[in-house]
Protein chains: 2
Amino acid sequence: MSHKRRSGTATKRQPRAPVFAALGDETRLSLVARLCGGQPHSISQLTEGSKLTRQAITKHLRVLESAGIVHGVRRGRESQFKFDPQSIEGIKKYLDLVSEQWDQALSRLKSFVED
Amino acid sequence: MSHKRRSGTATKRQPRAPVFAALGDETRLSLVARLCGGQPHSISQLTEGSKLTRQAITKHLRVLESAGIVHGVRRGRESQFKFDPQSIEGIKKYLDLVSEQWDQALSRLKSFVED
DNA sequence: AGAATGTGCAACCAGAGGGTTGCTTTTTTG
DNA sequence: CAAAAAAGCAACCCTCTGGTTGCACATTCT
């Protein structure tokens, strides 16, 4: 066996595509950029500075939330959204795997040529 | 100045969203998984094993190509597609920035609490 | 040359996505 | 309590997207 890869508790192989898809939009990327700064923001705050409607921003936030990138909780009159680094870390790991596989392929090719 | 940020030749701030969007699809992710293994593959080869049509796979490959993730060149009767790590590296850097910003926010918060 | 293989191109279709407007509900503030 | 602020909900619109089918074009194999 090998490949460290985890504990026994059924890790279920969660799909990464939704996370990538959620990041595949400039508006959502800028929202993430603002939220990963640390402080939570309300929907109205996030709407300011954008040319879009509050409802549009809300939709984008829901998409980010479904992907686990962001997590919003209603606090009083407004709902605060905060960044959640887990899913981002997840796809970083995934991209590392891709790069690693590519590098290994290159080194195999190189050793083949040199040999 | 600071922030290494590369030479003078107008780096133009290329948008990362299209790359994320291109990866936001399971079919495309599996294509990337196969191509980053090193060997180039033709469209027909990539179609085998998939339940989709050759034309569908072609479309997906064009999307990946537009995002710079993959690069296809026609060689004789068939067109070979190969993986191109650059754009992937690009978004890895981007995600590193996001994580870095988040970590800095956390440490600022921590020092504020401790202080 | 003729058949077979591998692509390219175009039309078409159903559904998802991004955005808007309009109205209701909840919570704060005066 | 009444007005204002912040969200939620829902309908609607248009465009993009993922997928198909059908056919033409190019390249290899016999």
# chains A, B, ... in the order shown; residues from 1 in each chain; ligands from 1
call {"tool": "residues_around", "arguments": {"residues": "range 81-87 of chain B", "least_positions_apart": "4", "cutoff": "8 Å", "atoms": "only C-alpha atoms (C1' of nucleotides)", "output": "ChimeraX atom specification"}}
result
/A:99,102 /B:19,32,35-36,38-43,67-73,91
call {"tool": "write_last_selection", "arguments": {"atoms": "N, CA and C atoms", "output": "compact mmCIF listing (two decimals), in the first residue's frame"}}
result
# COMPACT_ATOMS: atom_id res chain seq x y z
N SER A 99 0.64 18.65 -10.25
CA SER A 99 2.01 19.09 -10.56
C SER A 99 3.00 17.97 -10.30
N TRP A 102 2.98 15.47 -12.99
CA TRP A 102 3.64 16.02 -14.17
C TRP A 102 5.16 15.98 -14.01
N VAL B 19 -9.33 30.09 -15.83
CA VAL B 19 -8.63 28.84 -15.50
C VAL B 19 -9.44 28.05 -14.48
N VAL B 32 -7.69 16.39 -17.56
CA VAL B 32 -6.43 16.92 -17.04
C VAL B 32 -5.65 15.83 -16.32
N LEU B 35 -3.98 13.74 -18.87
CA LEU B 35 -2.94 14.38 -19.68
C LEU B 35 -1.72 14.78 -18.85
N CYS B 36 -1.92 15.03 -17.55
CA CYS B 36 -0.77 15.45 -16.76
C CYS B 36 0.11 14.26 -16.44
N GLY B 38 1.86 12.79 -18.53
CA GLY B 38 3.05 12.90 -19.35
C GLY B 38 2.80 12.68 -20.82
N GLN B 39 2.30 11.52 -21.18
CA GLN B 39 2.09 11.24 -22.59
C GLN B 39 0.93 12.03 -23.18
N PRO B 40 1.15 12.57 -24.37
CA PRO B 40 0.07 13.24 -25.11
C PRO B 40 -0.94 12.20 -25.58
N HIS B 41 -2.17 12.65 -25.76
CA HIS B 41 -3.20 11.74 -26.23
C HIS B 41 -3.99 12.40 -27.34
N SER B 42 -4.47 11.57 -28.24
CA SER B 42 -5.34 12.10 -29.30
C SER B 42 -6.76 12.19 -28.79
N ILE B 43 -7.61 12.86 -29.55
CA ILE B 43 -8.99 13.02 -29.13
C ILE B 43 -9.69 11.67 -29.02
N ALA B 67 -8.07 28.09 -21.81
CA ALA B 67 -7.57 28.48 -20.49
C ALA B 67 -6.07 28.27 -20.38
N GLY B 68 -5.47 27.69 -21.41
CA GLY B 68 -4.02 27.48 -21.40
C GLY B 68 -3.59 26.27 -20.59
N ILE B 69 -4.54 25.46 -20.17
CA ILE B 69 -4.21 24.30 -19.35
C ILE B 69 -3.66 23.18 -20.21
N VAL B 70 -4.07 23.19 -21.46
CA VAL B 70 -3.72 22.11 -22.37
C VAL B 70 -3.40 22.72 -23.71
N HIS B 71 -2.61 22.04 -24.48
CA HIS B 71 -2.20 22.58 -25.76
C HIS B 71 -2.23 21.48 -26.81
N GLY B 72 -3.05 21.67 -27.84
CA GLY B 72 -3.20 20.64 -28.84
C GLY B 72 -2.58 21.03 -30.17
N VAL B 73 -1.90 20.10 -30.79
CA VAL B 73 -1.31 20.36 -32.10
C VAL B 73 -1.64 19.21 -33.04
N ILE B 91 -2.44 29.58 -10.95
CA ILE B 91 -3.49 29.62 -9.94
C ILE B 91 -3.00 29.06 -8.62
call {"tool": "interface_residues", "arguments": {"of": "chain B", "to": "chain D", "cutoff": "10 Å", "atoms": "only C-alpha atoms (C1' of nucleotides)", "output": "list in words"}}
result
Leu52, Thr53, Gln55, Ala56, Ile57, Lys59, His60, Gly76, Arg77 and Glu78 of chain B
call {"tool": "interface_residues", "arguments": {"of": "chain A", "to": "chain B", "cutoff": "6 Å", "atoms": "only C-alpha atoms", "output": "number ranges by chain"}}
result
A: 17-18, 20-21, 23-26, 36-38, 101-102, 105
call {"tool": "write_last_selection", "arguments": {"atoms": "C-alpha atoms", "output": "PDB file, in the first residue's frame"}}
result
ATOM      1  CA  ALA A  17     -15.007  20.514  -9.426  1.00  0.00           C
ATOM      2  CA  PRO A  18     -17.669  22.563  -7.571  1.00  0.00           C
ATOM      3  CA  PHE A  20     -13.134  25.278  -8.917  1.00  0.00           C
ATOM      4  CA  ALA A  21     -16.415  26.247 -10.543  1.00  0.00           C
ATOM      5  CA  LEU A  23     -13.903  30.313  -8.154  1.00  0.00           C
ATOM      6  CA  GLY A  24     -14.449  30.546 -11.892  1.00  0.00           C
ATOM      7  CA  ASP A  25     -16.038  33.959 -11.766  1.00  0.00           C
ATOM      8  CA  GLU A  26     -14.355  37.333 -11.358  1.00  0.00           C
ATOM      9  CA  CYS A  36      -9.929  36.241   3.147  1.00  0.00           C
ATOM     10  CA  GLY A  37      -8.602  39.459   4.627  1.00  0.00           C
ATOM     11  CA  GLY A  38      -9.882  38.322   7.991  1.00  0.00           C
ATOM     12  CA  GLN A 101       2.406  13.751 -11.403  1.00  0.00           C
ATOM     13  CA  TRP A 102       3.636  16.019 -14.170  1.00  0.00           C
ATOM     14  CA  ALA A 105       6.496  12.207 -15.842  1.00  0.00           C
TER      15      ALA A 105
END
call {"tool": "interface_residues", "arguments": {"of": "chain C", "to": "chain A", "cutoff": "7 Å", "atoms": "only C-alpha atoms (C1' of nucleotides)", "output": "PyMOL selection string"}}
result
chain C and resi 19+26-27
call {"tool": "write_last_selection", "arguments": {"atoms": "N, CA and C atoms (P, O5', C5', C4', C3', O3' and C1' of nucleotides)", "output": "PDB file, in the first residue's frame"}}
result
ATOM      1  P    DG C  19     -23.050  38.671 -12.624  1.00  0.00           P
ATOM      2  O5'  DG C  19     -24.231  39.702 -12.881  1.00  0.00           O
ATOM      3  C5'  DG C  19     -25.205  39.403 -13.743  1.00  0.00           C
ATOM      4  C4'  DG C  19     -26.399  40.260 -13.849  1.00  0.00           C
ATOM      5  C3'  DG C  19     -26.853  41.058 -12.635  1.00  0.00           C
ATOM      6  O3'  DG C  19     -26.928  42.466 -12.899  1.00  0.00           O
ATOM      7  C1'  DG C  19     -28.601  39.632 -13.502  1.00  0.00           C
ATOM      8  P    DT C  26     -40.954  37.319   9.844  1.00  0.00           P
ATOM      9  O5'  DT C  26     -39.599  38.020  10.314  1.00  0.00           O
ATOM     10  C5'  DT C  26     -38.373  37.535   9.794  1.00  0.00           C
ATOM     11  C4'  DT C  26     -37.240  38.457  10.199  1.00  0.00           C
ATOM     12  C3'  DT C  26     -37.246  38.852  11.680  1.00  0.00           C
ATOM     13  O3'  DT C  26     -35.920  38.725  12.166  1.00  0.00           O
ATOM     14  C1'  DT C  26     -37.124  40.768  10.342  1.00  0.00           C
ATOM     15  P    DT C  27     -35.614  38.663  13.773  1.00  0.00           P
ATOM     16  O5'  DT C  27     -34.871  40.053  14.010  1.00  0.00           O
ATOM     17  C5'  DT C  27     -33.859  40.368  13.090  1.00  0.00           C
ATOM     18  C4'  DT C  27     -33.366  41.780  13.237  1.00  0.00           C
ATOM     19  C3'  DT C  27     -33.266  42.350  14.657  1.00  0.00           C
ATOM     20  O3'  DT C  27     -32.045  43.057  14.714  1.00  0.00           O
ATOM     21  C1'  DT C  27     -34.500  43.801  13.318  1.00  0.00           C
TER      22       DT C  27
END
call {"tool": "select_by_dssp", "arguments": {"residues": "chain A", "states": "strand (DSSP E)", "output": "list in words"}}
result
His41, Ser42, Val70, His71, Gly72, Val73, Arg74, Arg75, Glu78, Ser79, Gln80, Phe81, Lys82 and Phe83 of chain A
call {"tool": "write_last_selection", "arguments": {"atoms": "C-alpha atoms", "output": "tab-separated table (two decimals), in the first residue's frame"}}
result
chain	number	residue	atom	x	y	z
A	41	HIS	CA	-18.58	41.34	6.07
A	42	SER	CA	-22.29	41.72	5.68
A	70	VAL	CA	-17.36	30.88	2.63
A	71	HIS	CA	-19.67	30.52	5.55
A	72	GLY	CA	-22.45	32.95	6.40
A	73	VAL	CA	-24.34	33.21	9.64
A	74	ARG	CA	-27.20	35.52	10.41
A	75	ARG	CA	-26.39	37.80	13.29
A	78	GLU	CA	-27.59	41.31	9.02
A	79	SER	CA	-25.81	38.11	8.01
A	80	GLN	CA	-22.07	38.01	8.37
A	81	PHE	CA	-19.99	36.12	5.87
A	82	LYS	CA	-16.56	34.84	6.71
A	83	PHE	CA	-13.90	33.02	4.78
call {"tool": "select_by_dssp", "arguments": {"residues": "chain B", "states": "alpha helix (DSSP H)", "output": "mmCIF file with C-alpha atoms, in the first residue's frame"}}
result
data_model
loop_
_atom_site.group_PDB
_atom_site.id
_atom_site.type_symbol
_atom_site.label_atom_id
_atom_site.label_comp_id
_atom_site.auth_asym_id
_atom_site.auth_seq_id
_atom_site.Cartn_x
_atom_site.Cartn_y
_atom_site.Cartn_z
ATOM 1 C CA ALA B 17 -11.169 33.104 -13.309
ATOM 2 C CA PRO B 18 -11.168 31.379 -16.730
ATOM 3 C CA VAL B 19 -8.634 28.845 -15.502
ATOM 4 C CA PHE B 20 -10.719 28.043 -12.436
ATOM 5 C CA ALA B 21 -13.827 27.880 -14.578
ATOM 6 C CA ALA B 22 -12.131 25.454 -16.956
ATOM 7 C CA LEU B 23 -11.328 23.172 -14.016
ATOM 8 C CA GLU B 26 -15.599 16.753 -13.612
ATOM 9 C CA THR B 27 -15.134 15.675 -17.213
ATOM 10 C CA ARG B 28 -12.445 18.279 -17.745
ATOM 11 C CA LEU B 29 -10.774 17.401 -14.457
ATOM 12 C CA SER B 30 -10.467 13.790 -15.531
ATOM 13 C CA LEU B 31 -9.042 14.887 -18.879
ATOM 14 C CA VAL B 32 -6.430 16.922 -17.042
ATOM 15 C CA ALA B 33 -5.727 13.959 -14.784
ATOM 16 C CA ARG B 34 -5.005 11.819 -17.811
ATOM 17 C CA LEU B 35 -2.938 14.381 -19.675
ATOM 18 C CA ILE B 43 -8.995 13.020 -29.130
ATOM 19 C CA SER B 44 -10.076 9.488 -29.954
ATOM 20 C CA GLN B 45 -7.886 8.087 -27.231
ATOM 21 C CA LEU B 46 -9.340 10.515 -24.732
ATOM 22 C CA THR B 47 -12.846 9.664 -25.872
ATOM 23 C CA ARG B 54 -16.017 12.567 -29.393
ATOM 24 C CA GLN B 55 -17.425 16.000 -30.205
ATOM 25 C CA ALA B 56 -18.242 16.618 -26.563
ATOM 26 C CA ILE B 57 -14.715 15.686 -25.557
ATOM 27 C CA THR B 58 -13.412 17.974 -28.281
ATOM 28 C CA LYS B 59 -15.402 20.858 -26.854
ATOM 29 C CA HIS B 60 -14.004 20.224 -23.403
ATOM 30 C CA LEU B 61 -10.501 20.116 -24.795
ATOM 31 C CA ARG B 62 -11.045 23.463 -26.508
ATOM 32 C CA VAL B 63 -12.180 24.940 -23.200
ATOM 33 C CA LEU B 64 -9.058 23.635 -21.484
ATOM 34 C CA GLU B 65 -6.972 24.962 -24.350
ATOM 35 C CA SER B 66 -8.526 28.415 -24.143
ATOM 36 C CA PRO B 85 1.653 23.299 -16.385
ATOM 37 C CA GLN B 86 1.969 27.070 -16.607
ATOM 38 C CA SER B 87 -1.604 28.158 -15.946
ATOM 39 C CA ILE B 88 -1.932 25.586 -13.187
ATOM 40 C CA GLU B 89 1.167 27.007 -11.558
ATOM 41 C CA GLY B 90 -0.407 30.417 -11.956
ATOM 42 C CA ILE B 91 -3.493 29.621 -9.942
ATOM 43 C CA LYS B 92 -1.405 27.763 -7.377
ATOM 44 C CA LYS B 93 0.464 31.007 -6.768
ATOM 45 C CA TYR B 94 -2.835 32.809 -6.558
ATOM 46 C CA LEU B 95 -4.216 30.389 -3.989
ATOM 47 C CA ASP B 96 -1.009 30.744 -2.023
ATOM 48 C CA LEU B 97 -1.624 34.478 -1.880
ATOM 49 C CA VAL B 98 -5.131 33.894 -0.571
ATOM 50 C CA SER B 99 -3.921 31.507 2.113
ATOM 51 C CA GLU B 100 -1.093 33.833 3.023
ATOM 52 C CA GLN B 101 -3.478 36.734 3.433
ATOM 53 C CA TRP B 102 -5.714 34.598 5.618
ATOM 54 C CA ASP B 103 -2.827 33.455 7.788
ATOM 55 C CA GLN B 104 -1.635 37.012 8.270
ATOM 56 C CA ALA B 105 -5.135 38.007 9.314
ATOM 57 C CA LEU B 106 -5.181 35.204 11.852
ATOM 58 C CA SER B 107 -1.821 36.160 13.317
ATOM 59 C CA ARG B 108 -2.870 39.788 13.535
ATOM 60 C CA LEU B 109 -5.956 38.696 15.415
ATOM 61 C CA LYS B 110 -3.893 36.501 17.712
ATOM 62 C CA SER B 111 -1.402 39.224 18.561
ATOM 63 C CA PHE B 112 -4.290 41.584 19.209
ATOM 64 C CA VAL B 113 -5.878 39.163 21.648
ATOM 65 C CA GLU B 114 -2.585 38.388 23.395
#
call {"tool": "decode", "arguments": {"residues": "chain D", "atoms": "N, CA and C atoms (P, O5', C5', C4', C3', O3' and C1' of nucleotides)", "output": "CSV table (one decimal), in the first residue's frame"}}
result
chain,number,residue,atom,x,y,z
D,1,DC,P,-46.8,49.0,19.5
D,1,DC,O5',-47.1,50.3,18.7
D,1,DC,C5',-47.8,51.4,19.2
D,1,DC,C4',-47.3,52.5,18.2
D,1,DC,C3',-47.2,52.0,16.8
D,1,DC,O3',-47.5,53.1,15.9
D,1,DC,C1',-45.1,52.6,17.5
D,2,DA,P,-48.0,52.9,14.5
D,2,DA,O5',-46.9,53.7,13.6
D,2,DA,C5',-46.6,55.1,13.9
D,2,DA,C4',-45.3,55.5,13.2
D,2,DA,C3',-45.2,55.0,11.8
D,2,DA,O3',-44.5,56.0,11.0
D,2,DA,C1',-43.4,54.1,13.0
D,3,DA,P,-44.5,56.0,9.5
D,3,DA,O5',-42.9,56.0,9.2
D,3,DA,C5',-42.1,57.0,9.9
D,3,DA,C4',-40.7,56.7,9.8
D,3,DA,C3',-40.2,56.3,8.4
D,3,DA,O3',-38.9,56.9,8.2
D,3,DA,C1',-39.7,54.6,9.9
D,4,DA,P,-38.2,56.8,6.7
D,4,DA,O5',-36.9,56.0,7.0
D,4,DA,C5',-36.2,56.2,8.2
D,4,DA,C4',-35.1,55.1,8.3
D,4,DA,C3',-34.5,54.7,7.0
D,4,DA,O3',-33.1,54.5,7.3
D,4,DA,C1',-35.4,52.8,8.1
D,5,DA,P,-32.1,54.3,6.1
D,5,DA,O5',-31.5,52.9,6.5
D,5,DA,C5',-31.2,52.6,7.8
D,5,DA,C4',-30.8,51.1,8.0
D,5,DA,C3',-30.1,50.6,6.8
D,5,DA,O3',-29.0,49.7,7.3
D,5,DA,C1',-32.0,49.3,7.2
D,6,DA,P,-28.0,49.0,6.3
D,6,DA,O5',-28.6,47.5,6.3
D,6,DA,C5',-28.6,46.8,7.5
D,6,DA,C4',-29.0,45.3,7.3
D,6,DA,C3',-28.4,44.7,6.0
D,6,DA,O3',-27.9,43.4,6.3
D,6,DA,C1',-30.7,44.6,5.9
D,7,DA,P,-27.0,42.6,5.3
D,7,DA,O5',-28.0,41.4,4.9
D,7,DA,C5',-29.3,41.6,4.8
D,7,DA,C4',-30.1,40.4,5.2
D,7,DA,C3',-30.0,39.3,4.2
D,7,DA,O3',-30.2,38.0,4.8
D,7,DA,C1',-32.1,40.3,4.0
D,8,DG,P,-30.2,36.7,3.9
D,8,DG,O5',-31.8,36.5,3.5
D,8,DG,C5',-32.7,36.3,4.5
D,8,DG,C4',-34.0,35.9,4.0
D,8,DG,C3',-34.0,34.8,2.9
D,8,DG,O3',-35.1,33.9,3.1
D,8,DG,C1',-35.0,36.8,2.0
D,9,DC,P,-35.2,32.6,2.2
D,9,DC,O5',-36.3,33.0,1.1
D,9,DC,C5',-37.4,33.8,1.5
D,9,DC,C4',-38.4,34.0,0.4
D,9,DC,C3',-38.2,32.9,-0.7
D,9,DC,O3',-39.5,32.5,-1.1
D,9,DC,C1',-38.0,35.0,-1.6
D,10,DA,P,-39.8,31.3,-2.1
D,10,DA,O5',-40.2,32.0,-3.4
D,10,DA,C5',-41.0,33.1,-3.4
D,10,DA,C4',-41.2,33.7,-4.7
D,10,DA,C3',-41.0,32.7,-5.9
D,10,DA,O3',-42.0,33.0,-6.9
D,10,DA,C1',-39.6,34.6,-6.2
D,11,DA,P,-42.4,31.9,-7.9
D,11,DA,O5',-42.5,32.8,-9.2
D,11,DA,C5',-43.2,34.0,-9.2
D,11,DA,C4',-42.6,35.0,-10.2
D,11,DA,C3',-42.5,34.3,-11.6
D,11,DA,O3',-43.2,35.1,-12.5
D,11,DA,C1',-40.5,35.5,-10.9
D,12,DC,P,-43.4,34.7,-14.0
D,12,DC,O5',-42.3,35.4,-14.8
D,12,DC,C5',-42.1,36.8,-14.6
D,12,DC,C4',-40.7,37.2,-15.2
D,12,DC,C3',-40.4,36.5,-16.6
D,12,DC,O3',-40.3,37.5,-17.6
D,12,DC,C1',-38.5,36.6,-15.1
D,13,DC,P,-40.2,37.1,-19.1
D,13,DC,O5',-38.8,37.7,-19.6
D,13,DC,C5',-38.0,38.4,-18.6
D,13,DC,C4',-36.7,38.7,-19.3
D,13,DC,C3',-36.5,38.1,-20.6
D,13,DC,O3',-35.7,38.9,-21.4
D,13,DC,C1',-34.9,37.3,-19.0
D,14,DC,P,-35.5,38.6,-23.0
D,14,DC,O5',-34.0,38.3,-23.1
D,14,DC,C5',-33.1,39.3,-22.5
D,14,DC,C4',-31.7,38.6,-22.3
D,14,DC,C3',-31.2,37.9,-23.6
D,14,DC,O3',-29.9,38.3,-23.7
D,14,DC,C1',-31.1,36.5,-21.8
D,15,DT,P,-29.1,38.1,-25.2
D,15,DT,O5',-27.9,37.2,-24.7
D,15,DT,C5',-27.2,37.6,-23.5
D,15,DT,C4',-26.4,36.5,-23.0
D,15,DT,C3',-25.6,35.7,-24.0
D,15,DT,O3',-24.3,35.6,-23.6
D,15,DT,C1',-26.9,34.2,-22.6
D,16,DC,P,-23.1,35.0,-24.5
D,16,DC,O5',-22.7,33.8,-23.6
D,16,DC,C5',-22.7,33.9,-22.2
D,16,DC,C4',-22.5,32.6,-21.5
D,16,DC,C3',-21.6,31.6,-22.2
D,16,DC,O3',-20.9,30.9,-21.2
D,16,DC,C1',-23.7,30.6,-22.0
D,17,DT,P,-19.7,29.9,-21.6
D,17,DT,O5',-20.3,28.5,-21.3
D,17,DT,C5',-21.3,28.3,-20.3
D,17,DT,C4',-21.7,26.9,-20.1
D,17,DT,C3',-20.8,25.8,-20.7
D,17,DT,O3',-20.9,24.7,-20.0
D,17,DT,C1',-22.9,25.7,-21.7
D,18,DG,P,-19.6,23.7,-19.9
D,18,DG,O5',-20.2,22.2,-20.0
D,18,DG,C5',-21.3,21.9,-19.2
D,18,DG,C4',-22.1,20.9,-19.9
D,18,DG,C3',-21.4,19.8,-20.6
D,18,DG,O3',-21.9,18.5,-20.3
D,18,DG,C1',-22.8,20.8,-22.1
D,19,DG,P,-21.1,17.2,-20.7
D,19,DG,O5',-21.9,16.7,-21.9
D,19,DG,C5',-23.2,16.2,-21.8
D,19,DG,C4',-23.9,16.3,-23.1
D,19,DG,C3',-23.3,15.5,-24.3
D,19,DG,O3',-23.6,14.2,-24.3
D,19,DG,C1',-24.5,17.5,-24.9
D,20,DT,P,-23.1,13.2,-25.5
D,20,DT,O5',-24.2,13.5,-26.7
D,20,DT,C5',-25.6,13.3,-26.4
D,20,DT,C4',-26.4,13.8,-27.6
D,20,DT,C3',-26.0,13.2,-28.9
D,20,DT,O3',-26.9,12.1,-29.2
D,20,DT,C1',-26.3,15.6,-29.1
D,21,DT,P,-26.6,11.1,-30.4
D,21,DT,O5',-26.9,12.0,-31.7
D,21,DT,C5',-28.3,12.4,-32.0
D,21,DT,C4',-28.3,13.2,-33.3
D,21,DT,C3',-27.8,12.4,-34.5
D,21,DT,O3',-28.8,12.5,-35.6
D,21,DT,C1',-26.7,14.5,-34.4
D,22,DG,P,-28.7,11.6,-36.8
D,22,DG,O5',-28.0,12.5,-37.9
D,22,DG,C5',-28.4,13.9,-38.0
D,22,DG,C4',-27.6,14.6,-39.0
D,22,DG,C3',-27.0,13.7,-40.1
D,22,DG,O3',-27.2,14.3,-41.4
D,22,DG,C1',-25.3,14.9,-39.1
D,23,DC,P,-26.8,13.5,-42.7
D,23,DC,O5',-25.5,14.2,-43.3
D,23,DC,C5',-25.6,15.6,-43.4
D,23,DC,C4',-24.1,16.2,-43.5
D,23,DC,C3',-23.3,15.5,-44.6
D,23,DC,O3',-22.8,16.5,-45.4
D,23,DC,C1',-22.1,15.7,-42.6
D,24,DA,P,-22.1,16.1,-46.8
D,24,DA,O5',-20.7,16.9,-46.8
D,24,DA,C5',-20.7,18.2,-46.3
D,24,DA,C4',-19.3,18.7,-46.0
D,24,DA,C3',-18.3,18.3,-47.0
D,24,DA,O3',-17.3,19.3,-47.1
D,24,DA,C1',-17.8,17.3,-44.9
D,25,DC,P,-16.2,19.3,-48.1
D,25,DC,O5',-14.9,19.0,-47.3
D,25,DC,C5',-14.6,19.8,-46.2
D,25,DC,C4',-13.3,19.3,-45.5
D,25,DC,C3',-12.2,18.8,-46.5
D,25,DC,O3',-11.0,19.4,-46.1
D,25,DC,C1',-12.7,17.1,-44.9
D,26,DA,P,-9.7,19.3,-47.0
D,26,DA,O5',-8.8,18.2,-46.1
D,26,DA,C5',-8.4,18.6,-44.8
D,26,DA,C4',-7.7,17.5,-44.1
D,26,DA,C3',-6.6,16.9,-44.9
D,26,DA,O3',-5.5,16.6,-44.0
D,26,DA,C1',-8.1,15.2,-44.4
D,27,DT,P,-4.0,16.5,-44.5
D,27,DT,O5',-3.6,15.0,-44.0
D,27,DT,C5',-4.0,14.7,-42.7
D,27,DT,C4',-4.0,13.2,-42.5
D,27,DT,C3',-2.9,12.4,-43.2
D,27,DT,O3',-2.3,11.5,-42.3
D,27,DT,C1',-4.9,11.4,-43.8
D,28,DT,P,-0.8,11.0,-42.4
D,28,DT,O5',-1.0,9.4,-42.6
D,28,DT,C5',-1.5,8.7,-41.4
D,28,DT,C4',-2.3,7.5,-41.8
D,28,DT,C3',-1.5,6.4,-42.4
D,28,DT,O3',-1.6,5.3,-41.5
D,28,DT,C1',-3.5,6.7,-43.6
D,29,DC,P,-0.6,4.1,-41.6
D,29,DC,O5',-1.5,3.0,-42.2
D,29,DC,C5',-2.9,2.9,-41.8
D,29,DC,C4',-3.7,1.8,-42.5
D,29,DC,C3',-2.8,0.7,-43.1
D,29,DC,O3',-3.5,-0.5,-43.0
D,29,DC,C1',-3.9,1.8,-44.9
D,30,DT,P,-2.8,-1.9,-43.1
D,30,DT,O5',-3.5,-2.7,-44.2
D,30,DT,C5',-4.0,-1.9,-45.3
D,30,DT,C4',-4.9,-2.7,-46.2
D,30,DT,C3',-4.2,-3.9,-46.9
D,30,DT,O3',-5.2,-4.8,-47.3
D,30,DT,C1',-4.6,-2.1,-48.4
